[in-house]
>>> print(open('structure31.txt').read())   # compact mmCIF, C-alpha atoms and all ligand atoms
# COMPACT_ATOMS: atom_id res chain seq x y z
CA MET I 1 18.26 -11.14 -1.88
CA ARG I 2 20.63 -9.82 0.76
CA TYR I 3 21.90 -6.25 1.01
CA PRO I 4 24.59 -4.85 3.27
CA SER I 5 22.45 -1.84 4.23
CA LEU I 6 19.02 -0.27 3.84
CA ALA I 7 20.58 2.41 1.65
CA ALA I 8 21.84 -0.27 -0.75
CA MET I 9 18.46 -1.99 -0.73
CA ASP I 10 16.58 1.25 -1.38
CA GLY I 11 18.92 1.99 -4.27
CA ASP I 12 17.62 -1.12 -6.05
CA LEU I 13 14.03 -0.82 -4.78
CA ILE I 14 13.43 2.48 -6.56
CA ASP I 15 14.15 0.77 -9.90
CA CYS I 16 11.82 -2.21 -9.30
CA ARG I 17 9.33 -3.02 -12.09
CA ARG I 18 8.10 -6.45 -10.98
CA CYS I 19 4.36 -5.59 -10.90
CA PRO I 20 3.19 -4.61 -14.42
CA ARG I 21 -0.19 -3.20 -13.30
CA LEU I 22 1.40 -0.99 -10.62
CA VAL I 23 4.24 0.15 -12.86
CA ALA I 24 1.69 1.22 -15.48
CA TRP I 25 -0.49 3.01 -12.89
CA ARG I 26 2.28 4.85 -11.03
CA GLU I 27 3.69 6.11 -14.34
CA GLN I 28 0.32 7.06 -15.80
CA VAL I 29 -0.52 9.08 -12.69
CA ALA I 30 2.89 10.75 -12.92
CA ARG I 31 2.18 11.74 -16.52
CA ASP I 32 -1.44 12.83 -16.12
CA LYS I 33 -1.00 14.58 -12.73
CA ARG I 34 -3.66 16.26 -10.61
CA ALA I 35 -4.44 19.79 -11.79
CA ALA I 36 -3.18 21.32 -8.54
CA PHE I 37 0.26 19.76 -9.12
CA ARG I 38 0.53 20.15 -12.90
CA ASP I 39 3.76 22.16 -12.67
CA GLU I 40 5.49 19.50 -10.53
CA THR I 41 7.56 16.53 -11.65
CA TYR I 42 6.06 13.44 -10.07
CA TRP I 43 8.33 10.78 -8.61
CA GLY I 44 6.33 7.98 -10.29
CA ARG I 45 8.55 5.16 -8.98
CA PRO I 46 8.62 2.79 -5.98
CA VAL I 47 8.75 4.76 -2.72
CA PRO I 48 11.39 3.48 -0.26
CA GLY I 49 11.04 3.46 3.52
CA PHE I 50 11.79 6.72 5.32
CA GLY I 51 13.68 7.16 8.59
CA PRO I 52 16.91 6.05 10.22
CA ALA I 53 18.43 2.65 9.40
CA ASP I 54 18.84 1.92 13.13
CA ALA I 55 15.21 2.63 14.03
CA ALA I 56 13.76 1.09 17.19
CA LEU I 57 10.17 1.73 16.04
CA LEU I 58 8.72 0.86 12.63
CA ILE I 59 5.42 2.19 11.28
CA VAL I 60 3.89 0.04 8.54
CA GLY I 61 1.23 1.49 6.25
CA LEU I 62 -0.39 0.11 3.09
CA ALA I 63 1.01 1.62 -0.14
CA PRO I 64 1.97 5.07 -1.51
CA ALA I 65 -0.86 7.43 -2.42
CA ALA I 66 -1.11 8.35 -6.11
CA HIS I 67 -0.75 12.12 -5.61
CA GLY I 68 1.06 11.96 -2.25
CA ALA I 69 4.13 9.73 -1.96
CA ASN I 70 3.96 8.80 -5.66
CA ARG I 71 4.33 12.53 -6.37
CA THR I 72 6.89 13.51 -3.72
CA GLY I 73 8.89 10.26 -3.47
CA ARG I 74 8.68 10.07 0.34
CA MET I 75 6.36 7.99 2.50
CA PHE I 76 3.14 9.78 3.55
CA THR I 77 4.40 13.08 2.15
CA GLY I 78 2.16 15.54 0.36
CA ASP I 79 -1.31 14.27 1.27
CA ARG I 80 -3.88 14.45 4.06
CA SER I 81 -2.96 11.07 5.51
CA GLY I 82 0.60 12.27 6.03
CA ASP I 83 -0.61 15.55 7.50
CA VAL I 84 -2.38 13.56 10.22
CA LEU I 85 0.40 11.04 10.80
CA TYR I 86 3.30 13.50 11.00
CA ALA I 87 1.36 15.93 13.19
CA ALA I 88 0.80 13.07 15.64
CA MET I 89 4.44 11.98 15.45
CA HIS I 90 5.58 15.52 16.13
CA ALA I 91 3.12 15.88 19.01
CA VAL I 92 4.63 12.88 20.82
CA GLY I 93 8.27 13.70 19.98
CA LEU I 94 9.00 11.28 17.12
CA ALA I 95 9.47 13.96 14.42
CA ASN I 96 11.15 17.37 14.33
CA GLN I 97 8.22 19.08 12.58
CA PRO I 98 4.49 18.47 12.17
CA THR I 99 4.32 18.84 8.39
CA ALA I 100 5.51 16.87 5.36
CA VAL I 101 5.15 18.59 2.00
CA SER I 102 8.17 17.50 -0.06
CA ALA I 103 11.21 15.23 0.15
CA ASP I 104 13.46 18.23 0.92
CA ASP I 105 11.32 19.93 3.58
CA GLY I 106 13.73 19.14 6.43
CA LEU I 107 11.56 16.51 8.12
CA GLU I 108 13.49 14.15 10.43
CA LEU I 109 12.17 11.17 12.32
CA TYR I 110 13.61 10.21 15.70
CA GLY I 111 14.32 6.49 16.13
CA THR I 112 11.43 5.71 13.81
CA ARG I 113 11.16 4.43 10.25
CA ILE I 114 8.06 4.29 8.06
CA THR I 115 7.52 1.70 5.36
CA SER I 116 4.76 -0.18 3.57
CA PRO I 117 4.16 -3.73 2.34
CA VAL I 118 3.60 -2.41 -1.20
CA HIS I 119 5.97 0.27 -2.50
CA CYS I 120 4.11 1.44 -5.61
CA ALA I 121 0.86 3.40 -5.75
CA PRO I 122 -2.03 1.05 -6.59
CA PRO I 123 -5.28 1.99 -8.38
CA ALA I 124 -7.99 2.82 -5.81
CA ASN I 125 -5.41 2.25 -3.03
CA LYS I 126 -5.99 -1.48 -3.45
CA PRO I 127 -3.04 -3.71 -4.24
CA THR I 128 -3.89 -7.29 -5.16
CA PRO I 129 -2.75 -10.17 -2.94
CA ALA I 130 -0.34 -11.16 -5.74
CA GLU I 131 1.20 -7.66 -5.74
CA ARG I 132 1.51 -7.74 -1.96
CA ASP I 133 3.26 -11.09 -2.19
CA THR I 134 5.57 -9.90 -4.97
CA CYS I 135 6.61 -6.84 -2.96
CA ARG I 136 7.20 -8.90 0.16
CA ARG I 137 10.84 -9.47 -0.84
CA TRP I 138 11.54 -5.84 0.10
CA LEU I 139 9.74 -6.02 3.44
CA ASP I 140 11.55 -9.27 4.30
CA GLU I 141 14.88 -7.62 3.68
CA GLU I 142 13.96 -4.38 5.46
CA LEU I 143 12.96 -6.34 8.57
CA ARG I 144 16.15 -8.39 8.44
CA LEU I 145 18.24 -5.23 8.30
CA LEU I 146 16.24 -3.48 11.04
CA ALA I 147 16.06 -6.50 13.37
CA PRO I 148 19.15 -5.66 15.47
CA THR I 149 17.61 -2.38 16.70
CA LEU I 150 13.87 -2.91 16.26
CA ARG I 151 11.76 -3.06 19.44
CA SER I 152 8.24 -2.16 18.37
CA VAL I 153 6.01 -1.84 15.32
CA VAL I 154 2.82 0.14 14.71
CA VAL I 155 0.72 -1.25 11.87
CA LEU I 156 -1.75 1.12 10.24
CA GLY I 157 -4.73 -0.98 9.18
CA GLY I 158 -5.60 -4.61 8.59
CA PHE I 159 -3.87 -4.92 5.21
CA GLY I 160 -0.48 -4.10 6.68
CA TRP I 161 -1.15 -6.31 9.70
CA LYS I 162 -1.92 -9.33 7.55
CA ALA I 163 1.06 -8.66 5.30
CA LEU I 164 3.50 -8.18 8.16
CA LEU I 165 2.77 -11.19 10.40
CA PRO I 166 4.34 -13.84 8.10
CA VAL I 167 7.31 -11.54 7.51
CA LEU I 168 7.88 -11.23 11.27
CA ALA I 169 7.56 -15.00 11.67
CA ASP I 170 10.13 -15.64 8.94
CA ALA I 171 12.44 -13.04 10.48
CA GLY I 172 12.55 -15.12 13.66
CA TRP I 173 9.91 -13.66 15.95
CA GLU I 174 7.36 -16.01 17.54
CA VAL I 175 3.95 -15.17 16.09
CA PRO I 176 1.15 -16.90 18.04
CA ARG I 177 -1.25 -19.32 16.34
CA PRO I 178 -3.97 -18.58 15.60
CA ALA I 179 -2.59 -15.29 14.36
CA PRO I 180 -3.44 -12.24 16.47
CA ARG I 181 -6.32 -10.20 15.05
CA PHE I 182 -5.93 -6.64 13.91
CA GLY I 183 -7.78 -3.97 15.85
CA HIS I 184 -7.17 -0.39 16.90
CA GLY I 185 -5.24 -0.59 20.16
CA ALA I 186 -4.29 -4.24 19.65
CA HIS I 187 -0.98 -5.01 21.37
CA VAL I 188 0.90 -8.29 21.11
CA GLU I 189 4.36 -9.06 22.43
CA LEU I 190 6.22 -11.44 20.11
CA GLY I 191 8.95 -13.60 21.60
CA GLY I 192 12.32 -14.13 19.96
CA ASP I 193 15.96 -13.35 20.55
CA ARG I 194 14.74 -9.82 21.26
CA PRO I 195 11.00 -9.46 21.97
CA LEU I 196 9.03 -7.22 19.64
CA HIS I 197 5.94 -5.21 20.59
CA LEU I 198 3.33 -5.12 17.84
CA PHE I 199 0.59 -2.46 17.95
CA GLY I 200 -2.48 -2.00 15.76
CA CYS I 201 -3.82 1.43 14.76
CA TYR I 202 -6.55 2.32 12.29
CA HIS I 203 -5.07 3.61 9.03
CA VAL I 204 -4.66 7.39 8.80
CA SER I 205 -6.74 7.46 5.60
CA GLN I 206 -9.17 10.31 5.04
CA GLN I 207 -11.96 7.74 5.24
CA ASN I 208 -11.04 7.19 8.90
CA THR I 209 -9.88 10.67 9.93
CA PHE I 210 -12.66 12.70 8.24
CA THR I 211 -15.35 10.54 9.79
CA GLY I 212 -13.85 10.71 13.29
CA ARG I 213 -13.26 6.95 13.40
CA LEU I 214 -9.62 7.82 14.03
CA THR I 215 -8.77 11.00 15.95
CA PRO I 216 -5.38 12.61 16.70
CA PRO I 217 -5.52 11.57 20.40
CA MET I 218 -6.16 7.96 19.32
CA ILE I 219 -3.09 7.94 17.06
CA GLU I 220 -0.93 9.71 19.62
CA SER I 221 -1.92 7.20 22.30
CA VAL I 222 -0.75 4.23 20.18
CA LEU I 223 2.45 6.05 19.20
CA VAL I 224 3.28 6.82 22.84
CA ASP I 225 2.76 3.18 23.85
CA ALA I 226 4.92 1.99 20.94
CA ALA I 227 7.65 4.56 21.61
CA LEU I 228 7.80 3.62 25.30
CA ALA I 229 7.99 -0.07 24.36
CA ALA I 230 10.88 0.82 22.05
CA GLN I 231 12.50 2.85 24.84
CA LEU I 232 12.37 6.02 22.76
CA PRO I 233 11.97 9.35 24.56
CA ILE I 234 8.55 10.95 24.14
CA ARG I 235 7.44 14.55 24.44
CA PRO I 236 5.61 15.11 27.73
CA SER I 237 1.96 16.08 27.10
S1 LIG N 1 4.97 -2.95 -5.72
FE1 LIG N 1 6.97 -3.64 -4.96
S2 LIG N 1 7.50 -5.47 -6.16
FE2 LIG N 1 5.84 -4.39 -7.26
S3 LIG N 1 6.91 -3.05 -8.73
FE3 LIG N 1 6.56 -1.84 -6.89
S4 LIG N 1 8.43 -2.09 -5.64
FE4 LIG N 1 8.42 -3.70 -7.20
>>> encode(input="structure31.txt", output="structure tokens")
Amino acid sequence: MRYPSLAAMDGDLIDCRRCPRLVAWREQVARDKRAAFRDETYWGRPVPGFGPADAALLIVGLAPAAHGANRTGRMFTGDRSGDVLYAAMHAVGLANQPTAVSADDGLELYGTRITSPVHCAPPANKPTPAERDTCRRWLDEELRLLAPTLRSVVVLGGFGWKALLPVLADAGWEVPRPAPRFGHGAHVELGGDRPLHLFGCYHVSQQNTFTGRLTPPMIESVLVDAALAAQLPIRPS
């Protein structure tokens, strides 16, 4: 599966129906809706990556949220996790605004793209290993297309970390053995034609941010390190 551009890939991705359980769930959620959004038309399809096709920094999450990205059609848009992530990105200079409420809200990312190893909302935010493996075809291709400009990656949580390492290895980067362990603040430099800096960050889920396990300064600190590694300008604090 080879595409000439991310735009061409995303054009096919949004029609993907390879995972029957996830197709059924994303569409059921889109029909039933949450009461607060009952007047909205949910996206209810695979959510493509968001951000420029020549990004130097990639942020990798887990999967779209049922009433967030599965509703709005854009990564981390329309839920509390996105509120936290985009506020941090704006604080360090990677986004033009701190909020993300809909796909047409004017949000722009600077040198940074956001994607996930699973592109459809899963029940209980838990994709199965088989669904992760099925969706890997899209992540493989996204990494291949981003490789010429990519310099660093921030992975939000252990699921994304585990999903991404074999993809990076197959894309040509040298992943150490045994595989590096996920942790908040983990930083590994992967060799290859162009070295890649890999950073770990706790996921911006409410479970982590409401309990104080992950705070805005903690996210901003990882983003600054990753942006500097990618040679992106940051906003002085
Ligand atoms: S999770 Fe990925 S592979 Fe499965 S249906 Fe959605 S886009 Fe397709």
>>> closest_residue(input="structure31.txt", among="I:Met1, I:Val204, I:Leu109, I:Ala229", to="Val188 of chain I", atoms="only C-alpha atoms")
I:Ala229
>>> closest_residue(input="structure31.txt", among="I:Thr77, I:Leu107, I:Asn125, I:Ala87", to="ligand LIG 1 (chain N)", atoms="only C-alpha atoms and all ligand atoms")
I:Asn125
>>> residues_near_ligand(input="structure31.txt", ligand="ligand LIG 1 (chain N)", cutoff="6 Å", atoms="all atoms listed in the file", output="compact mmCIF listing (two decimals) with C-alpha atoms, in the coordinates of the input")
# COMPACT_ATOMS: atom_id res chain seq x y z
CA LEU I 13 14.03 -0.82 -4.78
CA CYS I 16 11.82 -2.21 -9.30
CA ARG I 17 9.33 -3.02 -12.09
CA ARG I 18 8.10 -6.45 -10.98
CA CYS I 19 4.36 -5.59 -10.90
CA VAL I 23 4.24 0.15 -12.86
CA PRO I 46 8.62 2.79 -5.98
CA VAL I 118 3.60 -2.41 -1.20
CA HIS I 119 5.97 0.27 -2.50
CA CYS I 120 4.11 1.44 -5.61
CA GLU I 131 1.20 -7.66 -5.74
CA THR I 134 5.57 -9.90 -4.97
CA CYS I 135 6.61 -6.84 -2.96
>>> residues_near_point(input="structure31.txt", point="(9.8, -12.6, 3.9)", cutoff="8 Å", atoms="all atoms listed in the file", output="VMD selection string")
chain I and resid 136 to 141 166 to 168 170 to 171
>>> closest_residue(input="structure31.txt", among="I:Ser81, I:Ser5, I:Thr41, I:Asn96", to="Glu142 of chain I", atoms="all atoms listed in the file")
I:Ser5
>>> closest_residue(input="structure31.txt", among="I:Arg71, I:Ala65, I:Ile59, I:Ala130", to="Leu94 of chain I", atoms="only C-alpha atoms")
I:Ile59
>>> atom_distance(input="structure31.txt", atom1="atom CA of Gly185 of chain I", atom2="atom CA of Gly93 of chain I")
19.7 Å
>>> residues_around(input="structure31.txt", residues="Pro4 of chain I", least_positions_apart="4", cutoff="10 Å", atoms="only C-alpha atoms", output="ChimeraX atom specification")
/I:8-9,145
>>> residues_around(input="structure31.txt", residues="Arg213 of chain I", least_positions_apart="3", cutoff="10 Å", atoms="only C-alpha atoms", output="PyMOL selection string")
chain I and resi 202-204+206-210+218
>>> axis_aligned_box(input="structure31.txt", around="segment 17-35 of chain I", padding_each_side="3 Å", output="lines of an AutoDock Vina configuration file")
center_x = 2.4
center_y = 6.7
center_z = -13.6
size_x = 19.8
size_y = 32.2
size_z = 11.9
>>> residues_near_point(input="structure31.txt", point="(10.0, -3.8, 15.7)", cutoff="8 Å", atoms="only C-alpha atoms", output="mmCIF file with C-alpha atoms, keeping the file's coordinate frame")
data_model
loop_
_atom_site.group_PDB
_atom_site.id
_atom_site.type_symbol
_atom_site.label_atom_id
_atom_site.label_comp_id
_atom_site.auth_asym_id
_atom_site.auth_seq_id
_atom_site.Cartn_x
_atom_site.Cartn_y
_atom_site.Cartn_z
ATOM 1 C CA ALA I 56 13.760 1.090 17.190
ATOM 2 C CA LEU I 57 10.170 1.730 16.040
ATOM 3 C CA LEU I 58 8.720 0.860 12.630
ATOM 4 C CA LEU I 146 16.240 -3.480 11.040
ATOM 5 C CA ALA I 147 16.060 -6.500 13.370
ATOM 6 C CA THR I 149 17.610 -2.380 16.700
ATOM 7 C CA LEU I 150 13.870 -2.910 16.260
ATOM 8 C CA ARG I 151 11.760 -3.060 19.440
ATOM 9 C CA SER I 152 8.240 -2.160 18.370
ATOM 10 C CA VAL I 153 6.010 -1.840 15.320
ATOM 11 C CA LEU I 196 9.030 -7.220 19.640
ATOM 12 C CA HIS I 197 5.940 -5.210 20.590
ATOM 13 C CA LEU I 198 3.330 -5.120 17.840
ATOM 14 C CA ALA I 230 10.880 0.820 22.050
#
>>> closest_residue(input="structure31.txt", among="I:Arg113, I:Arg34, I:Arg74, I:His90", to="Asp54 of chain I", atoms="all atoms listed in the file")
I:Arg113
>>> atom_distance(input="structure31.txt", atom1="atom CA of Tyr86 of chain I", atom2="atom CA of Tyr110 of chain I")
11.8 Å
>>> atom_distance(input="structure31.txt", atom1="atom CA of Val92 of chain I", atom2="atom CA of Thr112 of chain I")
12.1 Å
